[in-house]
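Coordinates as given in model00.csv (CSV, C-alpha atoms):
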chain,number,residue,atom,x,y,z
A,1,MET,CA,0.0,0.0,0.0
A,2,ARG,CA,1.8,3.1,-1.3
A,3,MET,CA,0.0,5.5,1.0
A,4,VAL,CA,1.7,4.5,4.2
A,5,ASP,CA,5.2,4.3,2.6
A,6,ALA,CA,5.1,7.7,1.1
A,7,ILE,CA,3.7,9.9,3.8
A,8,GLY,CA,5.9,11.7,6.2
A,9,ASN,CA,3.7,13.0,9.1
A,10,ILE,CA,0.6,10.9,8.7
A,11,GLU,CA,-1.4,10.3,11.8
A,12,GLU,CA,-0.3,6.8,12.9
A,13,ASP,CA,-3.6,6.3,14.6
A,14,LEU,CA,-5.3,6.3,11.2
A,15,ILE,CA,-3.2,3.5,9.7
A,16,LEU,CA,-2.9,1.0,12.6
A,17,GLU,CA,-6.0,-0.8,11.6
A,18,ALA,CA,-4.5,-1.5,8.2
A,19,MET,CA,-1.3,-3.1,9.5
A,20,VAL,CA,0.0,-6.6,9.1
A,21,SER,CA,-2.3,-9.4,10.1
A,22,PRO,CA,-1.7,-10.4,13.7
A,23,ARG,CA,-1.1,-14.0,12.6
A,24,GLY,CA,1.3,-13.1,9.9
A,25,GLU,CA,-0.5,-14.3,6.8
A,26,LYS,CA,1.7,-14.0,3.8
A,27,HIS,CA,-0.5,-11.9,1.7
A,28,GLY,CA,1.0,-8.6,0.5
A,29,ILE,CA,4.6,-9.4,1.7
A,30,GLY,CA,6.6,-7.0,-0.5
A,31,PRO,CA,10.2,-7.2,-1.6
A,32,SER,CA,11.4,-5.0,1.3
A,33,GLY,CA,9.4,-6.8,4.0
A,34,ASP,CA,8.5,-3.5,5.6
A,35,LEU,CA,5.2,-2.2,6.9
A,36,SER,CA,4.1,-0.6,3.7
A,37,LYS,CA,4.2,-3.8,1.8
A,38,ASN,CA,2.5,-5.9,4.5
A,39,VAL,CA,-0.5,-3.7,5.0
A,40,VAL,CA,-3.2,-5.0,2.8
A,41,PRO,CA,-4.5,-8.4,1.7
A,42,TRP,CA,-4.3,-7.5,-2.0
A,43,ALA,CA,-7.0,-8.1,-4.5
A,44,PRO,CA,-7.0,-11.0,-7.0
A,45,TRP,CA,-4.4,-11.0,-9.7
A,46,LEU,CA,-5.0,-9.6,-13.2
A,47,LYS,CA,-3.0,-10.8,-16.2
A,48,TRP,CA,-2.3,-8.7,-19.2
A,49,GLY,CA,-1.8,-10.3,-22.6
A,50,GLY,CA,1.0,-9.8,-25.1
A,51,ALA,CA,4.7,-10.4,-25.3
A,52,ALA,CA,5.4,-7.9,-22.5
A,53,ALA,CA,2.7,-9.2,-20.2
A,54,CYS,CA,2.8,-8.1,-16.5
A,55,LEU,CA,0.7,-9.1,-13.6
A,56,ILE,CA,-0.9,-6.0,-12.1
A,57,MET,CA,-2.5,-5.8,-8.7
A,58,LEU,CA,-5.9,-4.1,-8.4
A,59,VAL,CA,-5.7,-0.6,-6.9
A,60,ILE,CA,-6.6,-0.8,-3.3
A,61,ALA,CA,-5.8,2.8,-2.2
A,62,SER,CA,-6.1,5.2,-5.1
A,63,VAL,CA,-4.9,8.4,-3.4
A,64,ILE,CA,-1.2,9.0,-2.9
A,65,LEU,CA,-0.4,11.9,-0.6
A,66,LEU,CA,2.7,14.0,-1.1
A,67,PRO,CA,5.3,13.6,1.6
A,68,SER,CA,5.6,16.5,3.9
A,69,THR,CA,9.3,16.7,3.1
A,70,LEU,CA,10.6,15.4,-0.2
A,71,GLY,CA,14.2,15.7,0.7
A,72,LYS,CA,16.7,18.4,1.7
A,73,ASN,CA,17.2,22.0,0.8
A,74,LYS,CA,15.1,23.1,-2.2
A,75,GLN,CA,13.0,19.9,-2.0
A,76,SER,CA,11.6,20.8,1.3
A,77,MET,CA,7.8,21.4,1.4
A,78,GLY,CA,8.5,23.8,4.2
A,79,ASP,CA,10.1,26.4,1.9
A,80,GLY,CA,6.8,27.3,0.3
A,81,ARG,CA,7.7,26.3,-3.3
A,82,TYR,CA,4.8,24.0,-3.8
A,83,LYS,CA,1.1,24.6,-4.5
A,84,SER,CA,-1.6,22.8,-2.5
A,85,PHE,CA,-2.8,19.6,-4.2
A,86,THR,CA,-3.4,15.9,-3.8
A,87,LEU,CA,-2.1,13.1,-6.0
A,88,GLN,CA,-4.0,10.1,-7.3
A,89,GLY,CA,-2.3,6.9,-8.5
A,90,GLN,CA,-2.9,5.7,-12.0
A,91,GLU,CA,-3.2,2.2,-13.5
A,92,TYR,CA,-1.3,0.2,-10.8
A,93,THR,CA,0.0,0.3,-7.3
A,94,ALA,CA,2.2,-2.8,-7.5
A,95,ILE,CA,3.5,-5.1,-10.2
A,96,ILE,CA,4.7,-8.6,-10.5
A,97,TRP,CA,7.2,-8.4,-13.2
A,98,PRO,CA,8.0,-10.9,-15.9
A,99,TRP,CA,10.6,-13.4,-14.7
A,100,GLU,CA,13.4,-11.8,-16.7
A,101,TYR,CA,12.7,-8.4,-15.2
A,102,GLN,CA,12.9,-9.5,-11.6
A,103,THR,CA,15.9,-9.3,-9.4
A,104,VAL,CA,17.1,-12.5,-7.8
A,105,GLY,CA,15.8,-11.4,-4.5
A,106,GLU,CA,12.3,-11.0,-6.0
A,107,LYS,CA,12.4,-14.3,-7.9
A,108,TYR,CA,13.4,-16.7,-5.1
A,109,ARG,CA,11.1,-16.2,-2.1
A,110,THR,CA,10.8,-19.4,0.0
A,111,MET,CA,13.0,-22.0,1.6
A,112,ILE,CA,12.4,-25.0,3.9
A,113,VAL,CA,14.9,-25.6,6.7
A,114,ASN,CA,14.3,-28.3,9.4
A,115,GLY,CA,10.6,-28.4,8.4
A,116,MET,CA,10.1,-24.6,8.8
A,117,GLU,CA,9.2,-22.3,5.9
A,118,TYR,CA,11.2,-19.1,5.6
A,119,VAL,CA,10.2,-16.2,3.3
A,120,ASN,CA,12.6,-13.7,1.7
A,121,THR,CA,12.1,-10.2,3.1
A,122,GLY,CA,14.0,-8.7,0.2
A,123,HIS,CA,16.5,-7.0,2.6
A,124,LYS,CA,20.1,-7.8,2.4
A,125,VAL,CA,22.4,-8.3,5.4
A,126,SER,CA,26.1,-7.7,5.6
A,127,GLU,CA,28.5,-10.6,5.8
A,128,THR,CA,29.7,-9.3,9.2
A,129,MET,CA,26.3,-10.3,10.7
A,130,LEU,CA,26.7,-14.0,9.8
A,131,LYS,CA,27.4,-16.5,12.6
A,132,SER,CA,27.6,-20.0,11.2
A,133,ALA,CA,26.7,-22.0,8.1
A,134,LEU,CA,23.7,-24.4,8.4
A,135,GLY,CA,24.1,-26.0,5.0
A,136,THR,CA,22.7,-25.7,1.4
A,137,PHE,CA,19.0,-25.8,0.8
A,138,ASP,CA,16.6,-25.4,-2.1
A,139,VAL,CA,15.2,-21.8,-2.6
A,140,SER,CA,12.0,-21.7,-4.5
A,141,GLY,CA,10.5,-19.2,-6.8
A,142,TYR,CA,7.4,-19.0,-9.0
A,143,ASP,CA,6.8,-17.3,-12.3
A,144,GLU,CA,3.3,-16.0,-11.9
A,145,ILE,CA,2.9,-15.2,-15.6
A,146,LYS,CA,4.1,-18.5,-17.1
A,147,GLU,CA,2.9,-20.4,-14.0
A,148,GLU,CA,6.3,-22.2,-13.7
A,149,SER,CA,8.2,-23.1,-10.6
A,150,HIS,CA,12.0,-22.5,-10.2
A,151,VAL,CA,14.5,-23.8,-7.7
A,152,ILE,CA,18.1,-22.8,-7.0
A,153,SER,CA,20.4,-23.8,-4.2
A,154,GLY,CA,21.3,-21.3,-1.4
A,155,GLU,CA,23.6,-21.5,1.6
A,156,ALA,CA,21.8,-20.7,4.8
A,157,TYR,CA,23.4,-19.0,7.8
A,158,GLU,CA,22.6,-18.3,11.3
A,159,LEU,CA,22.8,-14.6,12.3
A,160,ARG,CA,24.4,-13.1,15.3
A,161,ASP,CA,22.0,-12.2,18.2
A,162,VAL,CA,19.0,-14.0,16.7
A,163,VAL,CA,17.9,-17.6,16.9
A,164,ALA,CA,17.7,-19.5,13.6
A,165,SER,CA,14.1,-20.5,14.2
A,166,ARG,CA,13.2,-16.9,13.6
A,167,ILE,CA,15.6,-15.5,11.1
A,168,LEU,CA,18.2,-16.8,8.6
A,169,ALA,CA,20.5,-15.3,6.0
A,170,VAL,CA,20.6,-17.0,2.6
A,171,LYS,CA,23.3,-16.4,0.1
A,172,LEU,CA,22.0,-15.8,-3.4
A,173,GLU,CA,23.9,-14.6,-6.4
A,174,ASP,CA,24.1,-10.9,-5.4
A,175,GLY,CA,24.3,-11.0,-1.6
A,176,TYR,CA,23.0,-12.4,1.7
A,177,TYR,CA,19.2,-12.0,2.0
A,178,VAL,CA,17.2,-12.0,5.3
A,179,PHE,CA,14.7,-14.9,5.3
A,180,ARG,CA,12.1,-14.7,8.1
A,181,ASN,CA,10.0,-17.6,9.6
A,182,PHE,CA,6.5,-16.3,9.1
A,183,GLU,CA,4.9,-19.0,11.1
A,184,TYR,CA,2.9,-17.6,14.0
A,185,LEU,CA,5.4,-18.2,16.9
A,186,PRO,CA,4.9,-15.5,19.6
A,187,ALA,CA,7.2,-15.7,22.6
A,188,SER,CA,5.1,-16.3,25.8
A,189,THR,CA,7.1,-13.6,27.7
A,190,LEU,CA,9.1,-10.6,26.7
A,191,GLY,CA,12.2,-12.3,28.3
A,192,GLU,CA,11.7,-15.3,26.0
A,193,LEU,CA,11.6,-12.9,23.0
A,194,LEU,CA,14.7,-11.1,24.2
A,195,ASP,CA,16.5,-14.5,24.5
A,196,GLN,CA,15.6,-15.3,20.9
A,197,VAL,CA,16.3,-11.8,19.5
A,198,ASN,CA,18.8,-9.5,21.1
A,199,MET,CA,16.6,-6.4,20.4
A,200,PRO,CA,18.9,-3.8,22.0
A,201,GLU,CA,21.7,-4.9,19.6
A,202,LEU,CA,19.7,-5.5,16.5
A,203,ILE,CA,17.1,-2.7,16.5
A,204,SER,CA,17.7,0.9,15.7
A,205,LEU,CA,15.3,3.4,17.2
A,206,ASN,CA,15.1,5.9,14.4
A,207,TRP,CA,12.8,8.6,15.9
A,208,PHE,CA,9.6,8.7,18.0
A,209,GLU,CA,6.4,10.7,18.3
A,210,ASP,CA,5.0,11.6,21.7
A,211,ARG,CA,1.2,11.2,21.8
A,212,GLY,CA,0.5,12.5,25.2
A,213,THR,CA,1.8,16.0,25.3
A,214,ASP,CA,1.3,19.2,23.3
A,215,SER,CA,4.1,18.0,21.0
A,216,LYS,CA,1.8,15.7,19.0
A,217,ASP,CA,3.1,16.7,15.5
A,218,LYS,CA,6.8,16.8,16.5
A,219,ARG,CA,9.5,14.1,16.2
A,220,PHE,CA,12.3,13.3,18.5
A,221,VAL,CA,15.5,11.1,18.7
A,222,LEU,CA,16.9,9.7,21.8
A,223,LYS,CA,20.3,10.9,23.0
A,224,ASP,CA,20.8,7.4,24.6
A,225,ALA,CA,18.6,4.4,23.7
A,226,SER,CA,19.5,2.7,27.0
A,227,CYS,CA,16.7,4.7,28.7
A,228,LEU,CA,14.3,2.4,26.9
A,229,TRP,CA,16.2,-0.9,26.7
A,230,ASN,CA,17.4,-0.9,30.3
A,231,VAL,CA,13.9,-1.0,31.6
A,232,LEU,CA,12.7,-3.6,29.1
A,233,THR,CA,15.6,-5.9,29.6
A,234,LYS,CA,15.9,-5.6,33.3
A,235,GLU,CA,12.4,-5.0,34.6
A,236,CYS,CA,10.1,-6.5,32.0
A,237,ARG,CA,11.3,-10.0,31.3
A,238,GLU,CA,8.2,-11.6,32.9
A,239,ALA,CA,5.8,-9.4,30.9
A,240,LYS,CA,3.2,-11.8,29.4
A,241,PHE,CA,2.3,-12.0,25.7
A,242,ILE,CA,-1.3,-10.8,25.2
A,243,GLU,CA,-3.4,-12.6,22.5
A,244,ASP,CA,-5.7,-9.7,21.7
A,245,GLN,CA,-6.3,-9.1,18.0
A,246,MET,CA,-8.6,-6.2,18.8
A,247,TRP,CA,-6.0,-4.2,20.7
A,248,MET,CA,-5.3,-0.8,19.2
A,249,VAL,CA,-3.2,2.1,20.2
A,250,PRO,CA,-5.6,5.0,19.4
A,251,LYS,CA,-7.0,6.9,22.3
A,252,ARG,CA,-4.1,5.8,24.4
A,253,GLU,CA,-1.2,8.0,25.5
A,254,TYR,CA,2.0,6.5,24.1
A,255,LEU,CA,5.4,6.9,22.6
A,256,GLY,CA,5.5,5.7,19.0
A,257,PHE,CA,8.9,4.7,17.7
A,258,SER,CA,10.0,4.1,14.1
A,259,ILE,CA,12.4,1.2,14.2
A,260,SER,CA,14.7,-0.6,11.7
A,261,SER,CA,16.9,-3.6,11.7
A,262,GLU,CA,19.3,-5.0,9.1
A,263,ALA,CA,19.3,-8.4,10.7
A,264,LEU,CA,15.5,-8.6,11.0
A,265,GLY,CA,14.9,-7.3,7.5
A,266,ILE,CA,12.7,-4.4,8.6
A,267,ASP,CA,12.7,-0.7,7.9
A,268,ASN,CA,10.5,1.9,9.5
A,269,VAL,CA,8.1,-0.4,11.3
A,270,ALA,CA,6.5,0.4,14.6
A,271,LEU,CA,7.2,0.0,18.3
A,272,TYR,CA,4.8,1.5,20.9
A,273,VAL,CA,5.1,2.0,24.6
A,274,THR,CA,1.7,3.0,26.1
A,275,LYS,CA,1.1,4.8,29.4
A,276,ASP,CA,-1.4,2.1,30.4
A,277,GLY,CA,1.4,-0.5,30.4
A,278,TYR,CA,1.7,-2.1,27.0
A,279,LEU,CA,4.6,-2.8,24.6
A,280,TRP,CA,3.5,-3.4,20.9
A,281,THR,CA,5.5,-4.0,17.8
A,282,ASN,CA,5.0,-5.5,14.3
A,283,ALA,CA,8.8,-6.2,13.9
A,284,PHE,CA,8.3,-9.9,13.5
A,285,GLY,CA,5.6,-10.1,10.9
A,286,TRP,CA,2.7,-10.2,13.2
A,287,GLN,CA,1.3,-8.2,16.2
A,288,SER,CA,3.5,-8.7,19.3
A,289,LEU,CA,1.8,-7.3,22.4
A,290,TYR,CA,3.2,-7.6,25.9
A,291,ASP,CA,1.8,-6.3,29.3
A,292,ILE,CA,4.8,-4.6,30.8
A,293,GLY,CA,2.8,-2.8,33.4
A,294,GLU,CA,2.1,0.9,34.0
A,295,GLU,CA,5.1,1.5,36.3
A,296,ALA,CA,7.6,0.3,33.8
A,297,ALA,CA,5.9,2.0,30.9
A,298,GLY,CA,5.7,5.2,32.9
A,299,GLU,CA,9.5,5.0,33.6
A,300,ILE,CA,10.3,4.5,29.9
A,301,ILE,CA,8.1,7.4,28.8
A,302,GLN,CA,9.5,9.7,31.4
A,303,ASN,CA,13.1,8.7,30.6
A,304,CYS,CA,12.6,9.1,26.9
A,305,ARG,CA,11.0,12.5,27.3
A,306,GLU,CA,14.0,13.6,29.4
A,307,HIS,CA,16.7,12.3,27.1
A,308,CYS,CA,15.6,13.3,23.6
A,309,THR,CA,16.1,16.0,21.0
A,310,GLU,CA,13.6,17.3,18.6
A,311,ILE,CA,14.3,16.7,14.9
A,312,GLU,CA,12.7,17.8,11.6
A,313,ALA,CA,10.0,15.5,10.4
A,314,ARG,CA,10.9,13.4,7.4
A,315,PRO,CA,9.0,11.1,5.1
A,316,PHE,CA,9.4,7.3,5.3
A,317,SER,CA,10.8,7.2,1.8
A,318,ASN,CA,12.7,9.7,-0.3
A,319,ALA,CA,10.6,10.8,-3.2
A,320,VAL,CA,10.4,13.2,-6.1
A,321,ILE,CA,7.3,14.0,-8.1
A,322,GLY,CA,7.1,15.7,-11.5
A,323,THR,CA,6.8,15.4,-15.2
A,324,VAL,CA,9.1,13.1,-17.2
A,325,THR,CA,10.7,15.4,-19.8
A,326,GLU,CA,13.4,13.1,-21.4
A,327,ILE,CA,14.3,9.4,-21.4
A,328,THR,CA,17.6,8.1,-22.5
A,329,GLU,CA,19.3,4.7,-22.2
A,330,GLU,CA,21.1,5.9,-19.1
A,331,TYR,CA,18.6,8.1,-17.3
A,332,PHE,CA,15.3,9.9,-17.4
A,333,LEU,CA,14.6,13.5,-16.3
A,334,VAL,CA,11.8,14.5,-13.9
A,335,ASP,CA,10.8,18.2,-13.7
A,336,ASP,CA,8.7,19.3,-10.7
A,337,ALA,CA,7.9,22.8,-12.1
A,338,VAL,CA,4.2,21.9,-12.5
A,339,LEU,CA,4.0,21.5,-8.7
A,340,CYS,CA,5.4,24.9,-7.9
A,341,LYS,CA,3.6,28.1,-7.2
A,342,ASP,CA,6.1,29.7,-9.6
A,343,PRO,CA,7.2,27.3,-12.4
A,344,LYS,CA,10.6,29.1,-12.5
A,345,ASP,CA,11.3,27.5,-9.1
A,346,GLY,CA,11.1,24.0,-10.6
A,347,ILE,CA,13.9,21.5,-10.3
A,348,THR,CA,14.9,18.9,-12.8
A,349,TYR,CA,16.1,15.6,-11.3
A,350,LYS,CA,18.2,13.0,-13.2
A,351,VAL,CA,17.1,9.5,-12.3
A,352,LEU,CA,19.8,7.0,-13.3
A,353,LEU,CA,18.7,3.7,-14.9
A,354,ASN,CA,21.6,1.8,-13.3
A,355,ASP,CA,19.4,-0.6,-11.3
A,356,LEU,CA,16.9,-3.2,-12.8
A,357,ARG,CA,14.3,-2.1,-10.2
A,358,ILE,CA,14.0,1.3,-11.9
A,359,SER,CA,15.1,0.6,-15.5
A,360,ARG,CA,12.4,-2.0,-16.0
A,361,TYR,CA,9.7,0.8,-15.8
A,362,VAL,CA,11.3,2.4,-18.9
A,363,GLN,CA,12.1,-0.9,-20.7
A,364,MET,CA,8.5,-2.0,-20.4
A,365,ASN,CA,7.1,1.4,-21.4
A,366,LEU,CA,5.3,1.9,-18.1
A,367,ILE,CA,6.5,5.4,-17.9
A,368,LYS,CA,7.0,7.7,-20.9
A,369,ALA,CA,7.9,11.3,-21.7
A,370,GLY,CA,5.1,13.5,-20.6
A,371,ASP,CA,3.9,11.3,-17.7
A,372,MET,CA,3.5,12.7,-14.2
A,373,VAL,CA,5.4,10.3,-12.0
A,374,GLU,CA,6.4,9.7,-8.4
A,375,VAL,CA,9.9,8.2,-8.0
A,376,LEU,CA,11.2,6.6,-4.8
A,377,TYR,CA,14.8,6.3,-4.0
A,378,ARG,CA,17.3,5.4,-1.4
A,379,GLY,CA,20.5,7.1,-0.2
A,380,GLN,CA,21.2,10.7,-0.9
A,381,MET,CA,20.5,12.8,-4.0
A,382,ASP,CA,23.6,14.4,-5.6
A,383,GLU,CA,22.4,18.0,-5.7
A,384,GLU,CA,25.7,19.3,-7.0
A,385,ASN,CA,25.5,17.1,-10.1
A,386,ASP,CA,22.2,17.6,-11.9
A,387,HIS,CA,20.3,16.5,-8.8
A,388,ALA,CA,21.2,13.0,-9.7
A,389,ILE,CA,19.3,10.1,-8.1
A,390,ARG,CA,21.5,7.0,-8.2
A,391,GLU,CA,19.4,4.6,-6.1
A,392,ALA,CA,15.9,4.8,-7.5
A,393,THR,CA,13.8,1.7,-6.9
A,394,TYR,CA,10.2,2.5,-7.8
A,395,ALA,CA,8.2,4.7,-10.2
A,396,SER,CA,4.5,5.2,-10.5
A,397,LYS,CA,2.3,7.5,-12.7
A,398,VAL,CA,0.2,9.9,-10.7
A,399,THR,CA,-2.4,12.6,-11.4
A,400,ILE,CA,-2.6,16.0,-9.7
A,401,ILE,CA,-6.1,16.7,-8.4
A,402,ASP,CA,-7.4,20.2,-7.7
A,403,GLY,CA,-9.0,20.7,-4.3
A,404,GLU,CA,-8.1,20.7,-0.6
A,405,ALA,CA,-4.5,20.2,0.2
A,406,LEU,CA,-3.6,17.0,1.9
A,407,ILE,CA,0.1,17.8,2.4
A,408,PHE,CA,1.1,17.0,6.0
A,409,GLU,CA,3.2,19.8,7.4
Mind turning this structure into structure tokens?
Amino acid sequence: MRMVDAIGNIEEDLILEAMVSPRGEKHGIGPSGDLSKNVVPWAPWLKWGGAAACLIMLVIASVILLPSTLGKNKQSMGDGRYKSFTLQGQEYTAIIWPWEYQTVGEKYRTMIVNGMEYVNTGHKVSETMLKSALGTFDVSGYDEIKEESHVISGEAYELRDVVASRILAVKLEDGYYVFRNFEYLPASTLGELLDQVNMPELISLNWFEDRGTDSKDKRFVLKDASCLWNVLTKECREAKFIEDQMWMVPKREYLGFSISSEALGIDNVALYVTKDGYLWTNAFGWQSLYDIGEEAAGEIIQNCREHCTEIEARPFSNAVIGTVTEITEEYFLVDDAVLCKDPKDGITYKVLLNDLRISRYVQMNLIKAGDMVEVLYRGQMDEENDHAIREATYASKVTIIDGEALIFE
């Protein structure tokens, strides 16, 4: 679901009900394994005919909201360059590409080890995270268009600080991929979970929002993450797992953290500590809810409030939006002048076609000169050299809609 992935300051309360299934069903598991790809049980597949056939998912959420911040400096929505508008997605929200247009991480998705099925999150992990080799196993893929199965061999490895029954690394041709056991296996206590996954070592606390003070629309980073982990690891080991699929964070006072982990194959998923004594996260592919008690939760909230620094709100993904003005074999240009109050303030971005994940949109004619597009990318834009984007991963056609602005400041 693109809407969650693109928005910067969206009200988290409004999207929680659309999060991953509490029992970790494998519908909608995207190539990055993050929240935005696990949100919705997607509609049935559609197949297009012709030599360049693609499988296109039905549009579930048609409206794409512009991020509150598209990047740094001139890209910032806060500088007043942009008009008020909303964006609506056209034609598709996600694509299953023909086999030859998929990366190896997209092709080969599942592996059976010791009777347990593991699913590729699409995230790579560095070799320094590997612990020990478990052997060579079959890694399976399925060509949805030709309805053909494929199998290759992959070496499986344990990772440091996480038990193999939860996460493995698998060596494919272009790196080590994180494979997650998606079976519903909640730990009965928080201490048991911490023994299985060394969360303080593996999880990065990116930023948090404080829903309980007058700083509702602000974001903060911790000066020292130990103010959270010390309480959880020392005082909350006996906290019981709560099987409550109806539990929701809205109307509670809480700290909401954005968390990431290379080893767990997650990026910008959620962790909540609520004033009424609960710890909640979707870091493991399903809802994990533990009753840590009001005293411990209150200590965490107070400590975090006392040891944090306010930061500028940023979107979950880097994005540029504009009109495609030129396409070559090496790049395409995106001009955002149409979004600006004064078209003279427009910026032209050079999106390099050095990665299959972006070049296939051009090769299959899904974006053309004259199209209005949204492009997502990783890393930093090279503002000194034609505003070059070297790590683009996604493109989608969009339409500007007149009307009330839905830009989250």
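Nearest to A:Cys236 of all the residues A:Val178, A:Leu194, A:Ala388, A:Leu205 is A:Leu194, counting only C-alpha atoms.
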Margin query: For a quick check of understanding, using all atoms listed in the file, which of A:Ser188, A:Asn385, A:Ser126, A:Ser84 has the smallest distance to A:Val338?
Written below: A:Ser84
Item checked: Proximity to A:Lys218 - best of A:Leu255, A:Leu130, A:Leu353, A:Leu168, only C-alpha atoms -> A:Leu255
Note to self: With distances taken over only C-alpha atoms, which residue among A:Gly285, A:Gly135, A:Pro186, A:Gly370 lies nearest A:Leu264?
What the structure shows: A:Gly285
Item checked: atom CA of A:Ala337 to atom CA of A:Asn354, straight-line distance in Å -> 25.1 Å
Checklist line | A:Pro200 surroundings by all atoms listed in the file, 10 Å radius, close-in-sequence under 6 positions cut, as a list in words | finding: Asp161, Leu194, Ala225, Ser226, Leu228, Trp229, Asn230, Leu232 and Thr233 of chain A
Neighbours of A:Glu144 within 9 Å (only C-alpha atoms; same-chain residues fewer than 3 positions away dropped), as a short mmCIF file (atom, residue, chain, number, x, y, z; two decimals) with C-alpha atoms, in the frame of the given file?
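To be explicit, this is the file written out as selection-v3.cif:
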data_model
loop_
_atom_site.label_atom_id
_atom_site.label_comp_id
_atom_site.auth_asym_id
_atom_site.auth_seq_id
_atom_site.Cartn_x
_atom_site.Cartn_y
_atom_site.Cartn_z
CA LEU A 55 0.70 -9.10 -13.60
CA ILE A 96 4.70 -8.60 -10.50
CA TRP A 97 7.20 -8.40 -13.20
CA PRO A 98 8.00 -10.90 -15.90
CA TRP A 99 10.60 -13.40 -14.70
CA GLU A 147 2.90 -20.40 -14.00
CA GLU A 148 6.30 -22.20 -13.70
CA SER A 149 8.20 -23.10 -10.60
#
Next item on the list: Just give me the gap between atom CA of A:Lys234 and atom CA of A:Val273 in Å, one decimal is fine.
Entry: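 Between atom CA of A:Lys234 and atom CA of A:Val273 the gap is 15.8 Å.
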Note to self: When you look at A:Glu253 with a cut-off of 6 Å (counting only C-alpha atoms), what residues show up, excluding the ones that are within fewer than 3 positions of it in the same chain? I need them as a PyMOL selection string.
What the structure shows: chain A and resi 211-212+274-275
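If all atoms listed in the file are the atoms counted, then among A:Arg219, A:Gly277, A:Phe241, A:Val119 the closest residue to A:Phe257 is A:Arg219.
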Item checked: Test item: which residues lie within 10 Å of (14.0, -23.7, -4.6) counting only C-alpha atoms, as a count of residues only -> 17
Item checked: Which residue of A:Glu209, A:Glu383, A:Asp355, A:Asp371 approaches A:Tyr101 most closely, using only C-alpha atoms -> A:Asp355
Next item on the list: Excluding A:Thr323 and any residue of its chain fewer than 5 positions from it, enumerate the residues within 10 Å of it, using only C-alpha atoms, and give them as a list in words.
Entry: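 Everything that qualifies: Leu333, Val334, Asp335, Asp336, Ala337, Val338, Leu339, Thr348, Lys368, Ala369, Gly370, Asp371, Met372, Val373, Glu374, Lys397 and Val398 of chain A.
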Extract stretch 233-260 of chain A from the preceding block and save C-alpha atoms as an mmCIF file, in the first residue's frame.
data_model
loop_
_atom_site.group_PDB
_atom_site.id
_atom_site.type_symbol
_atom_site.label_atom_id
_atom_site.label_comp_id
_atom_site.auth_asym_id
_atom_site.auth_seq_id
_atom_site.Cartn_x
_atom_site.Cartn_y
_atom_site.Cartn_z
ATOM 1 C CA THR A 233 15.581 -5.948 29.566
ATOM 2 C CA LYS A 234 15.922 -5.633 33.347
ATOM 3 C CA GLU A 235 12.410 -4.987 34.620
ATOM 4 C CA CYS A 236 10.063 -6.486 32.047
ATOM 5 C CA ARG A 237 11.304 -10.002 31.318
ATOM 6 C CA GLU A 238 8.232 -11.563 32.941
ATOM 7 C CA ALA A 239 5.830 -9.445 30.893
ATOM 8 C CA LYS A 240 3.222 -11.778 29.377
ATOM 9 C CA PHE A 241 2.329 -11.992 25.698
ATOM 10 C CA ILE A 242 -1.253 -10.806 25.150
ATOM 11 C CA GLU A 243 -3.370 -12.564 22.529
ATOM 12 C CA ASP A 244 -5.705 -9.701 21.673
ATOM 13 C CA GLN A 245 -6.295 -9.110 17.977
ATOM 14 C CA MET A 246 -8.615 -6.200 18.760
ATOM 15 C CA TRP A 247 -6.005 -4.228 20.708
ATOM 16 C CA MET A 248 -5.298 -0.831 19.189
ATOM 17 C CA VAL A 249 -3.174 2.145 20.187
ATOM 18 C CA PRO A 250 -5.617 5.008 19.368
ATOM 19 C CA LYS A 251 -7.038 6.881 22.348
ATOM 20 C CA ARG A 252 -4.056 5.783 24.438
ATOM 21 C CA GLU A 253 -1.173 7.968 25.548
ATOM 22 C CA TYR A 254 2.011 6.527 24.104
ATOM 23 C CA LEU A 255 5.435 6.928 22.556
ATOM 24 C CA GLY A 256 5.470 5.663 18.974
ATOM 25 C CA PHE A 257 8.893 4.656 17.652
ATOM 26 C CA SER A 258 9.983 4.095 14.073
ATOM 27 C CA ILE A 259 12.404 1.158 14.197
ATOM 28 C CA SER A 260 14.678 -0.572 11.690
#
